[in-house]
file coords_6.txt (compact mmCIF, C-alpha atoms)
# COMPACT_ATOMS: atom_id res chain seq x y z
CA MET A 1 -66.12 -68.72 -68.32
CA GLY A 2 -64.04 -71.24 -70.31
CA ILE A 3 -62.45 -70.88 -73.72
CA GLU A 4 -65.52 -71.87 -75.74
CA LYS A 5 -67.65 -69.16 -74.14
CA MET A 6 -64.88 -66.61 -74.57
CA LEU A 7 -64.79 -67.35 -78.30
CA GLU A 8 -68.59 -67.24 -78.52
CA SER A 9 -68.56 -63.74 -77.03
CA VAL A 10 -66.64 -62.40 -80.04
CA PRO A 11 -68.54 -61.33 -83.19
CA ARG A 12 -68.42 -64.26 -85.63
CA GLU A 13 -67.08 -62.22 -88.54
CA ASN A 14 -64.20 -60.92 -86.40
CA LEU A 15 -63.32 -64.43 -85.27
CA GLU A 16 -63.35 -65.80 -88.82
CA LYS A 17 -61.10 -62.96 -89.98
CA ALA A 18 -58.65 -63.53 -87.11
CA GLN A 19 -58.55 -67.28 -87.82
CA VAL A 20 -57.16 -66.51 -91.29
CA PHE A 21 -54.31 -64.54 -89.72
CA LYS A 22 -53.81 -67.31 -87.17
CA LYS A 23 -53.11 -69.76 -90.00
CA ARG A 24 -50.48 -67.38 -91.32
CA LEU A 25 -48.92 -67.03 -87.86
CA LEU A 26 -48.73 -70.81 -87.58
CA ALA A 27 -47.34 -71.28 -91.08
CA TYR A 28 -44.79 -68.48 -91.07
CA GLN A 29 -41.41 -70.01 -91.85
CA GLY A 30 -38.21 -53.93 -90.83
CA GLY A 31 -41.91 -54.51 -91.33
CA THR A 32 -41.95 -57.59 -93.54
CA TYR A 33 -43.24 -59.89 -90.79
CA PHE A 34 -46.42 -57.93 -90.13
CA GLN A 35 -46.88 -57.30 -93.84
CA ALA A 36 -46.69 -61.04 -94.46
CA ILE A 37 -49.18 -61.87 -91.73
CA TYR A 38 -51.76 -59.10 -91.81
CA LYS A 39 -51.79 -57.73 -95.36
CA MET B 1 -60.07 -73.16 -86.06
CA PRO B 2 -57.05 -73.88 -88.31
CA SER B 3 -56.63 -77.55 -89.13
CA ASP B 4 -54.14 -79.71 -87.26
CA SER B 5 -51.74 -79.58 -90.21
CA PHE B 6 -50.99 -75.92 -89.45
CA LEU B 7 -50.40 -76.69 -85.79
CA GLU B 8 -48.20 -79.66 -86.65
CA LYS B 9 -46.11 -77.57 -89.03
CA TRP B 10 -45.68 -74.96 -86.31
CA ARG B 11 -44.69 -77.67 -83.80
CA THR B 12 -42.09 -78.99 -86.25
CA ASN B 13 -40.66 -75.48 -86.58
CA ILE B 14 -40.41 -75.20 -82.80
CA GLU B 15 -38.69 -78.58 -82.47
CA ASP B 16 -36.25 -77.55 -85.19
CA LEU B 17 -35.51 -74.30 -83.34
CA VAL B 18 -34.90 -76.20 -80.10
CA GLU B 19 -32.56 -78.66 -81.81
CA LYS B 20 -30.50 -75.92 -83.47
CA HIS B 21 -30.84 -73.34 -80.65
CA PRO B 22 -29.26 -70.49 -82.63
CA LEU B 23 -28.37 -67.44 -80.56
CA GLN B 24 -30.92 -64.79 -81.59
CA ILE B 25 -31.51 -62.69 -78.48
CA ILE B 26 -29.37 -61.49 -75.61
CA SER B 27 -31.36 -60.35 -72.59
CA TRP B 28 -29.08 -58.24 -70.44
CA GLU B 29 -30.22 -57.36 -66.93
CA ALA B 30 -28.19 -54.15 -66.74
CA THR B 31 -28.68 -53.58 -63.03
CA ARG B 32 -30.91 -54.38 -60.08
CA ARG B 33 -30.76 -50.75 -58.91
CA CYS B 34 -33.81 -48.57 -59.52
CA ASN B 35 -35.05 -45.01 -59.03
CA LEU B 36 -38.58 -46.16 -58.16
CA ASN B 37 -39.92 -48.53 -55.52
CA CYS B 38 -42.72 -50.47 -57.19
CA LEU B 39 -45.11 -52.54 -55.08
CA HIS B 40 -45.13 -55.40 -57.57
CA CYS B 41 -41.46 -55.55 -58.60
CA GLY B 42 -40.44 -59.12 -59.40
CA SER B 43 -36.70 -58.40 -59.23
CA PRO B 44 -36.22 -55.99 -56.34
CA SER B 45 -32.79 -54.67 -55.40
CA GLU B 46 -33.07 -55.81 -51.78
CA GLU B 47 -32.81 -59.46 -52.86
CA VAL B 48 -29.27 -59.22 -54.23
CA GLU B 49 -25.72 -57.96 -53.55
CA LEU B 50 -25.63 -54.77 -55.59
CA GLN B 51 -21.84 -54.44 -55.40
CA GLU B 52 -21.57 -57.55 -57.58
CA GLU B 53 -22.79 -55.59 -60.62
CA LEU B 54 -20.69 -56.03 -63.76
CA THR B 55 -18.26 -53.22 -64.55
CA THR B 56 -18.31 -51.24 -67.79
CA ASP B 57 -15.39 -53.21 -69.22
CA GLU B 58 -16.88 -56.55 -68.19
CA VAL B 59 -20.13 -55.79 -70.01
CA ILE B 60 -18.45 -54.57 -73.19
CA GLY B 61 -16.04 -57.51 -73.07
CA ALA B 62 -18.89 -60.01 -72.77
CA PHE B 63 -20.69 -58.64 -75.83
CA TYR B 64 -17.49 -58.68 -77.87
CA GLN B 65 -16.66 -62.20 -76.72
CA ILE B 66 -20.10 -63.35 -77.92
CA ALA B 67 -19.67 -61.65 -81.31
CA GLU B 68 -16.28 -63.34 -81.67
CA ASP B 69 -17.31 -66.86 -80.60
CA PHE B 70 -20.87 -67.31 -81.91
CA ASP B 71 -22.32 -67.63 -85.40
CA MET B 72 -24.10 -64.26 -85.45
CA SER B 73 -25.81 -64.78 -88.80
CA GLN B 74 -29.20 -65.35 -87.15
CA PHE B 75 -28.76 -62.92 -84.28
CA ARG B 76 -31.72 -60.54 -83.88
CA HIS B 77 -31.46 -58.16 -80.98
CA ILE B 78 -30.39 -57.19 -77.49
CA ASN B 79 -33.08 -56.67 -74.87
CA ILE B 80 -31.96 -54.55 -71.90
CA THR B 81 -33.91 -54.76 -68.65
CA GLY B 82 -33.35 -53.97 -64.97
CA GLY B 83 -33.94 -52.69 -62.30
CA GLU B 84 -33.91 -49.45 -64.22
CA PRO B 85 -31.22 -49.56 -66.93
CA PHE B 86 -30.81 -45.78 -67.00
CA VAL B 87 -29.51 -45.63 -63.42
CA ARG B 88 -26.29 -47.08 -64.85
CA LYS B 89 -24.27 -43.94 -65.53
CA ASP B 90 -22.19 -45.88 -68.05
CA LEU B 91 -25.17 -47.11 -70.10
CA LEU B 92 -24.50 -44.75 -73.03
CA THR B 93 -20.80 -45.65 -73.00
CA ILE B 94 -21.68 -49.34 -73.17
CA LEU B 95 -24.20 -48.77 -75.97
CA ARG B 96 -21.69 -46.65 -77.90
CA GLU B 97 -19.01 -49.34 -77.70
CA ILE B 98 -21.07 -52.46 -78.38
CA SER B 99 -23.03 -50.86 -81.24
CA LYS B 100 -19.76 -50.49 -83.16
CA ASN B 101 -20.30 -54.18 -83.91
CA PRO B 102 -22.84 -54.51 -86.77
CA SER B 103 -24.59 -57.40 -84.99
CA TYR B 104 -25.57 -55.06 -82.16
CA ARG B 105 -27.62 -52.43 -83.98
CA ASN B 106 -31.07 -53.57 -82.88
CA ILE B 107 -31.34 -52.84 -79.18
CA ASP B 108 -34.41 -52.49 -76.97
CA ILE B 109 -34.49 -50.97 -73.51
CA GLN B 110 -37.22 -51.53 -70.92
CA THR B 111 -37.57 -48.43 -68.74
CA ASN B 112 -39.84 -46.70 -66.23
CA GLY B 113 -39.28 -43.46 -68.15
CA VAL B 114 -38.00 -41.29 -65.28
CA VAL B 115 -34.56 -40.47 -66.72
CA LEU B 116 -35.59 -40.17 -70.37
CA ALA B 117 -38.50 -37.83 -69.60
CA ARG B 118 -36.06 -35.43 -67.95
CA ASN B 119 -33.38 -35.88 -70.61
CA PRO B 120 -35.16 -36.09 -73.98
CA ASP B 121 -31.91 -35.02 -75.66
CA LEU B 122 -30.73 -38.61 -75.06
CA PHE B 123 -33.04 -39.98 -77.77
CA PRO B 124 -30.87 -39.02 -80.78
CA GLN B 125 -27.84 -40.53 -79.03
CA LEU B 126 -29.71 -43.74 -78.26
CA LYS B 127 -30.68 -44.07 -81.91
CA GLN B 128 -27.09 -43.39 -82.95
CA TYR B 129 -25.96 -46.22 -80.65
CA GLY B 130 -28.26 -48.88 -82.08
CA VAL B 131 -31.37 -48.48 -79.94
CA THR B 132 -34.45 -49.19 -82.07
CA GLY B 133 -37.09 -49.87 -79.44
CA ILE B 134 -38.19 -48.68 -76.02
CA GLY B 135 -40.56 -50.44 -73.65
CA VAL B 136 -42.30 -48.27 -71.06
CA SER B 137 -44.28 -49.62 -68.14
CA ILE B 138 -47.61 -47.89 -67.41
CA ASP B 139 -49.56 -49.81 -64.80
CA GLY B 140 -52.82 -47.91 -64.66
CA LEU B 141 -54.27 -44.43 -64.88
CA GLN B 142 -52.37 -41.68 -63.08
CA GLU B 143 -53.37 -42.30 -59.47
CA THR B 144 -53.07 -46.09 -59.71
CA HIS B 145 -49.75 -45.99 -61.55
CA ASP B 146 -48.21 -43.50 -59.11
CA ARG B 147 -49.35 -45.53 -56.10
CA PHE B 148 -47.96 -48.74 -57.58
CA ARG B 149 -44.69 -47.11 -58.56
CA GLY B 150 -44.24 -45.52 -55.14
CA ARG B 151 -43.74 -42.01 -56.47
CA LYS B 152 -46.09 -39.18 -57.39
CA GLY B 153 -45.52 -37.91 -60.89
CA SER B 154 -44.09 -41.17 -62.22
CA TYR B 155 -47.14 -41.63 -64.49
CA GLY B 156 -46.43 -38.32 -66.21
CA LEU B 157 -42.78 -39.25 -66.70
CA ALA B 158 -43.65 -42.65 -68.19
CA TYR B 159 -46.30 -41.10 -70.45
CA GLN B 160 -43.88 -38.40 -71.63
CA THR B 161 -41.07 -40.88 -72.34
CA ALA B 162 -43.33 -43.17 -74.37
CA LYS B 163 -44.74 -40.26 -76.36
CA THR B 164 -41.32 -38.72 -77.03
CA ALA B 165 -39.92 -42.10 -78.05
CA VAL B 166 -42.71 -42.49 -80.63
CA GLU B 167 -42.02 -38.97 -81.92
CA ASN B 168 -38.34 -39.90 -82.27
CA GLY B 169 -39.21 -42.83 -84.51
CA LEU B 170 -38.49 -45.63 -82.04
CA THR B 171 -40.67 -48.73 -81.90
CA VAL B 172 -42.49 -48.35 -78.60
CA THR B 173 -44.18 -50.95 -76.43
CA VAL B 174 -46.33 -49.76 -73.53
CA SER B 175 -46.67 -52.56 -70.98
CA THR B 176 -49.18 -53.00 -68.17
CA VAL B 177 -48.93 -55.63 -65.45
CA ALA B 178 -52.56 -56.61 -64.80
CA ASN B 179 -53.32 -56.96 -61.10
CA THR B 180 -56.26 -56.75 -58.73
CA THR B 181 -56.00 -52.96 -58.37
CA ASN B 182 -55.88 -51.94 -62.05
CA ILE B 183 -57.94 -54.52 -63.91
CA GLN B 184 -60.97 -52.22 -64.24
CA GLU B 185 -58.79 -49.46 -65.71
CA ILE B 186 -57.15 -51.49 -68.47
CA PRO B 187 -59.77 -50.81 -71.21
CA ARG B 188 -59.68 -47.05 -70.48
CA LEU B 189 -55.89 -47.03 -70.26
CA TYR B 190 -55.65 -48.86 -73.59
CA GLU B 191 -57.90 -46.30 -75.30
CA LEU B 192 -55.87 -43.44 -73.83
CA VAL B 193 -52.54 -45.00 -74.83
CA LYS B 194 -53.76 -45.80 -78.34
CA LYS B 195 -55.14 -42.30 -78.89
CA GLU B 196 -52.49 -40.13 -77.22
CA ILE B 197 -49.19 -42.07 -77.17
CA LYS B 198 -49.71 -44.22 -80.30
CA PRO B 199 -47.16 -46.98 -79.53
CA ARG B 200 -46.72 -49.93 -81.89
CA ILE B 201 -47.72 -52.37 -79.15
CA TYR B 202 -49.87 -52.23 -76.04
CA ARG B 203 -48.86 -55.27 -73.99
CA VAL B 204 -50.66 -56.72 -70.99
CA MET B 205 -49.02 -59.21 -68.66
CA THR B 206 -50.56 -61.04 -65.75
CA LEU B 207 -48.83 -60.52 -62.40
CA ASP B 208 -46.71 -63.25 -60.86
CA PRO B 209 -46.52 -63.47 -57.06
CA ILE B 210 -42.80 -62.99 -56.44
CA GLY B 211 -40.49 -60.31 -55.15
CA ARG B 212 -42.50 -57.54 -53.52
CA ALA B 213 -45.76 -59.01 -54.87
CA SER B 214 -45.26 -62.33 -53.13
CA ASP B 215 -48.17 -61.87 -50.72
CA GLU B 216 -50.50 -62.55 -53.68
CA LYS B 217 -53.01 -59.81 -52.88
CA TYR B 218 -52.34 -58.32 -56.32
CA MET B 219 -52.59 -61.65 -58.16
CA LEU B 220 -55.62 -62.09 -60.42
CA SER B 221 -58.30 -64.69 -59.71
CA PRO B 222 -59.22 -67.08 -62.55
CA GLU B 223 -62.28 -64.94 -63.32
CA GLN B 224 -60.17 -61.77 -63.49
CA THR B 225 -57.60 -63.52 -65.71
CA GLN B 226 -60.42 -64.55 -68.04
CA GLU B 227 -61.65 -60.96 -68.05
CA VAL B 228 -58.24 -59.57 -69.07
CA ILE B 229 -57.70 -62.16 -71.79
CA GLY B 230 -61.29 -61.70 -72.96
CA PHE B 231 -60.58 -57.99 -73.40
CA LEU B 232 -57.45 -58.71 -75.47
CA LEU B 233 -59.35 -61.30 -77.54
CA LYS B 234 -62.07 -58.76 -78.33
CA GLU B 235 -59.58 -56.03 -79.28
CA TYR B 236 -57.29 -58.28 -81.32
CA THR B 237 -60.05 -59.90 -83.35
CA ALA B 238 -61.72 -56.54 -84.00
CA ASN B 239 -58.61 -54.75 -85.26
CA CYS B 240 -55.98 -57.26 -86.42
CA GLN B 241 -56.71 -56.59 -90.10
CA ASP B 242 -54.99 -53.21 -89.61
CA TYR B 243 -51.83 -54.56 -87.96
CA HIS B 244 -49.83 -54.39 -91.20
CA ASN B 245 -49.94 -50.60 -90.82
CA PRO B 246 -46.98 -49.50 -88.64
CA GLN B 247 -49.09 -46.60 -87.32
CA THR B 248 -51.57 -49.03 -85.76
CA THR B 249 -51.32 -49.98 -82.10
CA MET B 250 -51.42 -53.75 -81.69
CA VAL B 251 -52.56 -55.46 -78.50
CA GLU B 252 -50.80 -58.48 -77.13
CA LEU B 253 -50.72 -60.70 -74.11
CA GLY B 254 -47.13 -60.91 -72.84
CA CYS B 255 -45.19 -64.11 -72.26
CA GLY B 256 -47.50 -65.51 -69.58
CA GLY B 257 -47.97 -68.81 -71.36
CA TRP B 258 -49.72 -70.92 -73.97
CA LEU B 259 -53.50 -70.38 -74.09
CA GLY B 260 -54.60 -73.63 -75.71
CA LYS B 261 -54.98 -74.64 -79.35
CA ASP B 262 -58.29 -72.80 -79.77
CA LEU B 263 -57.35 -69.45 -78.21
CA GLU B 264 -53.66 -69.18 -79.06
CA GLY B 265 -52.99 -66.82 -81.99
CA LEU B 266 -56.07 -64.71 -81.23
CA VAL B 267 -54.73 -62.38 -78.53
CA ARG B 268 -51.28 -61.42 -79.85
CA PRO B 269 -49.42 -61.19 -83.16
CA PHE B 270 -47.42 -64.38 -82.57
CA ILE B 271 -47.90 -67.95 -81.42
CA PHE B 272 -46.44 -68.37 -77.95
CA HIS B 273 -43.62 -70.69 -77.04
CA CYS B 274 -41.08 -69.94 -74.33
CA VAL B 275 -37.69 -69.39 -75.97
CA ALA B 276 -35.64 -69.03 -72.80
CA GLY B 277 -32.38 -70.90 -73.28
CA ILE B 278 -33.45 -71.92 -76.79
CA ASN B 279 -32.54 -68.80 -78.75
CA ASN B 280 -32.39 -66.39 -75.82
CA LEU B 281 -29.29 -65.99 -73.65
CA GLY B 282 -29.68 -64.11 -70.38
CA ILE B 283 -26.85 -62.15 -68.79
CA LEU B 284 -27.80 -61.13 -65.26
CA TYR B 285 -26.58 -58.01 -63.47
CA ASP B 286 -23.72 -59.88 -61.79
CA GLY B 287 -22.58 -61.86 -64.83
CA LYS B 288 -24.46 -65.03 -64.04
CA LEU B 289 -25.60 -66.72 -67.25
CA ALA B 290 -29.29 -67.55 -67.35
CA ALA B 291 -31.99 -67.51 -69.99
CA CYS B 292 -34.38 -64.67 -69.27
CA SER B 293 -34.34 -62.05 -66.54
CA ASN B 294 -37.96 -62.92 -65.68
CA ILE B 295 -36.85 -66.28 -64.31
CA PRO B 296 -36.28 -66.07 -60.54
CA ARG B 297 -32.67 -66.37 -59.40
CA GLY B 298 -33.73 -69.30 -57.24
CA PHE B 299 -34.04 -71.35 -60.41
CA GLY B 300 -30.25 -71.30 -60.64
CA PHE B 301 -27.73 -70.41 -63.33
CA GLU B 302 -26.06 -72.11 -66.26
CA GLY B 303 -22.70 -70.39 -65.84
CA ASP B 304 -20.84 -67.23 -64.86
CA LEU B 305 -19.16 -65.00 -67.42
CA ARG B 306 -16.55 -64.05 -64.82
CA LYS B 307 -15.40 -67.67 -64.84
CA ASP B 308 -16.69 -69.32 -68.02
CA ARG B 309 -16.43 -68.79 -71.76
CA ILE B 310 -20.03 -67.95 -72.74
CA LYS B 311 -20.07 -70.09 -75.91
CA GLY B 312 -19.02 -73.17 -73.94
CA VAL B 313 -21.87 -72.64 -71.49
CA TRP B 314 -24.40 -72.11 -74.31
CA ASP B 315 -23.26 -75.27 -76.10
CA ASN B 316 -22.98 -77.56 -73.09
CA GLN B 317 -25.47 -76.31 -70.49
CA TYR B 318 -29.11 -75.16 -70.83
CA GLN B 319 -30.30 -78.77 -71.11
CA ARG B 320 -33.27 -78.16 -68.79
CA TYR B 321 -34.41 -75.41 -71.19
CA ARG B 322 -34.14 -77.63 -74.27
CA ASN B 323 -35.25 -80.99 -72.89
CA PHE B 324 -38.86 -80.64 -71.77
CA GLU B 325 -39.59 -84.09 -70.35
CA TRP B 326 -38.60 -83.22 -66.76
CA LYS B 327 -41.48 -80.72 -66.71
CA LYS B 328 -44.12 -83.32 -67.59
CA GLN B 329 -45.63 -83.64 -64.13
CA GLY B 330 -48.59 -82.28 -62.17
CA ASP B 331 -51.13 -80.58 -64.44
CA CYS B 332 -48.84 -81.14 -67.43
CA LYS B 333 -48.70 -84.92 -67.09
CA ASP B 334 -51.85 -85.79 -69.03
CA CYS B 335 -52.59 -82.40 -70.61
CA GLY B 336 -53.67 -82.43 -74.25
CA GLU B 337 -51.77 -79.20 -74.88
CA TRP B 338 -48.36 -80.63 -73.96
CA ASP B 339 -47.18 -81.23 -77.54
CA TYR B 340 -47.46 -77.50 -78.23
CA CYS B 341 -46.58 -75.73 -74.98
CA HIS B 342 -44.00 -78.22 -73.60
CA GLY B 343 -44.73 -77.08 -70.08
CA GLY B 344 -45.11 -73.36 -70.71
CA PRO B 345 -42.87 -70.46 -69.74
CA MET B 346 -39.78 -71.21 -67.69
CA HIS B 347 -40.44 -68.33 -65.32
CA LYS B 348 -43.43 -70.31 -64.01
CA ARG B 349 -41.41 -73.43 -63.29
CA GLU B 350 -39.56 -74.25 -60.08
CA SER B 351 -36.25 -76.11 -60.25
CA SER B 352 -38.04 -79.19 -58.88
CA GLY B 353 -40.21 -79.21 -61.99
CA LYS B 354 -43.32 -77.97 -60.22
CA MET B 355 -45.40 -75.58 -62.32
CA THR B 356 -46.60 -72.59 -60.34
CA ASP B 357 -49.16 -71.19 -62.78
CA CYS B 358 -50.73 -72.17 -66.11
CA LEU B 359 -52.83 -69.72 -68.11
CA PHE B 360 -54.49 -72.51 -70.09
CA GLN B 361 -55.64 -74.31 -66.94
CA THR B 362 -56.72 -70.99 -65.43
CA ILE B 363 -58.86 -70.08 -68.43
CA ALA B 364 -60.12 -73.49 -69.52
CA ASN B 365 -60.73 -75.01 -66.09
CA SER B 366 -60.81 -71.96 -63.76
CA LYS B 367 -57.89 -73.44 -61.83
CA ASN B 368 -56.68 -71.15 -59.06
CA TYR B 369 -52.91 -71.12 -58.54
CA ARG B 370 -52.76 -68.72 -55.62
CA SER B 371 -50.55 -69.83 -52.74
CA CYS B 372 -47.72 -70.72 -55.10
CA SER B 373 -44.54 -68.80 -55.89
CA SER B 374 -43.38 -68.10 -59.43
CA GLY B 375 -41.64 -65.81 -61.95
CA GLY B 376 -41.16 -62.14 -62.61
CA GLN B 377 -42.50 -58.84 -63.75
CA LYS B 378 -41.05 -55.36 -63.68
call {"tool": "encode", "arguments": {"input": "coords_6.txt", "output": "structure tokens"}}
result
Amino acid sequence: MGIEKMLESVPRENLEKAQVFKKRLLAYQGGTYFQAIYK
Amino acid sequence: MPSDSFLEKWRTNIEDLVEKHPLQIISWEATRRCNLNCLHCGSPSEEVELQEELTTDEVIGAFYQIAEDFDMSQFRHINITGGEPFVRKDLLTILREISKNPSYRNIDIQTNGVVLARNPDLFPQLKQYGVTGIGVSIDGLQETHDRFRGRKGSYGLAYQTAKTAVENGLTVTVSTVANTTNIQEIPRLYELVKKEIKPRIYRVMTLDPIGRASDEKYMLSPEQTQEVIGFLLKEYTANCQDYHNPQTTMVELGCGGWLGKDLEGLVRPFIFHCVAGINNLGILYDGKLAACSNIPRGFGFEGDLRKDRIKGVWDNQYQRYRNFEWKKQGDCKDCGEWDYCHGGPMHKRESSGKMTDCLFQTIANSKNYRSCSSGGQK
């Protein structure tokens, strides 16, 4: 299928939302980790 | 897609971690013995000399030696695997003794659930002795799981252990090794686990063809691998906004490898980089010093705690885990992902440098790696 098609198969709004969290995962320097990423 | 500046910052963080290689995790392979006989076991007992297992005093002594010699300020946790850790009759004694050290109060145990389901009274003791997390393997719905585990009723025991662990306030991971016989069940299993067990994480790993699974008939094709990762992508992107809530079950792909700049960070709540030998010290059942119990023994060892001071080994060995250039061959040689994955997980690398499996190549280019040997699953 390839990565591009995999990403196209996901609803656009879900992908855009997850990309925001991805930035936080990339930038991250008892619950505080997931609070920092997903809140 | 996030701009390159985010990726570059992440890469800088990784390079800094490699350079400093602080000890943050100890992976202890407690035993190779087991009370089940799984078809896909990557570390079966028949491959080793069981009488070489570390004694109670040797294990406790090793953990105390580490606490004495290392800077423990960044230490995170102990991860106990097997075999089946609970077949060690001295496991509670070891936990009781090592957890007296304040550095060792965040311990995870990976189990098939057989012993804990029959002895739920152990949970309060485990918590008292520093155990904060339990990982339970469930490899399909009841019939599939029992067939794979070689014992009728093992599904019920795993289910019960995971559920009781959640009720006892432990952080629970339910793990499934995706293979050719259970791939169609994974979406249904996930829904069941999420609704009835309610673990913090539902983890899916792709099967590696080693140990008892070395005949490859259980290994996923590229299309099946894409199907599994596509499922995780759909679930993660649909529900990740709720992952801050500790009652939410998160999905994640296990440590099978880097997925490429575009897909990484969209199937699990972390960005993958293998940390074997970087911040993760592995102590194998017989005291050999390695980096992760998923790495086949054929890859070799960095030392032996029966002969060597562990700190000296950590400081002076492990170069092949921290210097990536020797892995830049084959599919890695001209790959555009190299700067971020550095050759992927060490359990998919032979000592010659040959890579036995790459998830990125499998997904992006439908590359089929069957007829290779590689790393482990339990």
call {"tool": "closest_residue", "arguments": {"input": "coords_6.txt", "among": "B:Leu126, B:Cys255, B:Ile271, B:Leu233", "to": "A:Glu8", "atoms": "only C-alpha atoms"}}
result
B:Leu233
call {"tool": "interface_residues", "arguments": {"input": "coords_6.txt", "of": "chain B", "to": "chain A", "cutoff": "6 Å", "atoms": "all atoms listed in the file", "output": "list in words"}}
result
Pro2, Phe6, Trp10, Thr237, Ala238, Gln241, Tyr243, His244, Gly265, Ile363 and Ala364 of chain B
call {"tool": "residues_near_point", "arguments": {"input": "coords_6.txt", "point": "(-33.1, -63.8, -68.9)", "cutoff": "9 Å", "atoms": "all atoms listed in the file", "output": "PyMOL selection string"}}
result
chain B and resi 26-29+276-277+280-284+289-295
call {"tool": "residues_around", "arguments": {"input": "coords_6.txt", "residues": "stretch 54-69 of chain B", "least_positions_apart": "4", "cutoff": "12 Å", "atoms": "only C-alpha atoms", "output": "VMD selection string"}}
result
chain B and resid 23 to 32 49 to 50 73 to 75 77 to 78 88 to 104 281 to 289 304 to 315
call {"tool": "atom_distance", "arguments": {"input": "coords_6.txt", "atom1": "atom CA of B:Tyr155", "atom2": "atom CA of B:Glu143"}}
result
8.0 Å
call {"tool": "axis_aligned_box", "arguments": {"input": "coords_6.txt", "around": "stretch 278-290 of chain B", "padding_each_side": "5 Å", "output": "lines of an AutoDock Vina configuration file"}}
result
center_x = -28.0
center_y = -65.0
center_z = -70.3
size_x = 20.9
size_y = 23.9
size_z = 27.0
call {"tool": "residues_around", "arguments": {"input": "coords_6.txt", "residues": "B:Thr111", "least_positions_apart": "4", "cutoff": "8 Å", "atoms": "only C-alpha atoms", "output": "MDAnalysis selection string"}}
result
chainID B and resid 81:82 84:86 134:137
call {"tool": "atom_distance", "arguments": {"input": "coords_6.txt", "atom1": "atom CA of B:Glu46", "atom2": "atom CA of B:Gly83"}}
result
11.0 Å
call {"tool": "decode", "arguments": {"input": "coords_6.txt", "residues": "stretch 296-307 of chain B", "atoms": "N, CA, C and O atoms", "output": "mmCIF file, in the first residue's frame"}}
result
data_model
loop_
_atom_site.group_PDB
_atom_site.id
_atom_site.type_symbol
_atom_site.label_atom_id
_atom_site.label_comp_id
_atom_site.auth_asym_id
_atom_site.auth_seq_id
_atom_site.Cartn_x
_atom_site.Cartn_y
_atom_site.Cartn_z
ATOM 1 N N PRO B 296 19.029 -11.680 20.150
ATOM 2 C CA PRO B 296 19.428 -13.092 20.231
ATOM 3 C C PRO B 296 20.810 -13.256 20.854
ATOM 4 O O PRO B 296 21.699 -12.423 20.658
ATOM 5 N N ARG B 297 20.985 -14.357 21.594
ATOM 6 C CA ARG B 297 22.270 -14.610 22.250
ATOM 7 C C ARG B 297 23.403 -14.736 21.236
ATOM 8 O O ARG B 297 24.560 -14.476 21.553
ATOM 9 N N GLY B 298 23.060 -15.112 20.017
ATOM 10 C CA GLY B 298 24.080 -15.239 18.980
ATOM 11 C C GLY B 298 24.767 -13.929 18.651
ATOM 12 O O GLY B 298 25.845 -13.916 18.049
ATOM 13 N N PHE B 299 24.161 -12.820 19.039
ATOM 14 C CA PHE B 299 24.759 -11.512 18.796
ATOM 15 C C PHE B 299 25.980 -11.296 19.686
ATOM 16 O O PHE B 299 26.837 -10.459 19.395
ATOM 17 N N GLY B 300 26.049 -12.071 20.775
ATOM 18 C CA GLY B 300 27.202 -11.959 21.668
ATOM 19 C C GLY B 300 26.930 -11.077 22.866
ATOM 20 O O GLY B 300 25.861 -10.478 22.989
ATOM 21 N N PHE B 301 27.910 -10.997 23.762
ATOM 22 C CA PHE B 301 27.729 -10.306 25.038
ATOM 23 C C PHE B 301 28.824 -9.263 25.227
ATOM 24 O O PHE B 301 29.891 -9.346 24.631
ATOM 25 N N GLU B 302 28.538 -8.314 26.114
ATOM 26 C CA GLU B 302 29.513 -7.265 26.399
ATOM 27 C C GLU B 302 30.351 -7.599 27.630
ATOM 28 O O GLU B 302 31.406 -7.000 27.846
ATOM 29 N N GLY B 303 29.864 -8.517 28.452
ATOM 30 C CA GLY B 303 30.593 -8.884 29.660
ATOM 31 C C GLY B 303 29.843 -9.967 30.408
ATOM 32 O O GLY B 303 28.862 -10.531 29.908
ATOM 33 N N ASP B 304 30.317 -10.253 31.630
ATOM 34 C CA ASP B 304 29.734 -11.319 32.438
ATOM 35 C C ASP B 304 29.840 -10.881 33.895
ATOM 36 O O ASP B 304 30.945 -10.695 34.407
ATOM 37 N N LEU B 305 28.697 -10.705 34.553
ATOM 38 C CA LEU B 305 28.758 -10.162 35.910
ATOM 39 C C LEU B 305 29.423 -11.120 36.889
ATOM 40 O O LEU B 305 29.782 -10.726 38.000
ATOM 41 N N ARG B 306 29.579 -12.385 36.490
ATOM 42 C CA ARG B 306 30.301 -13.323 37.360
ATOM 43 C C ARG B 306 31.812 -13.093 37.296
ATOM 44 O O ARG B 306 32.545 -13.616 38.123
ATOM 45 N N LYS B 307 32.243 -12.323 36.298
ATOM 46 C CA LYS B 307 33.680 -12.079 36.141
ATOM 47 C C LYS B 307 34.029 -10.596 36.158
ATOM 48 O O LYS B 307 35.152 -10.225 36.505
#
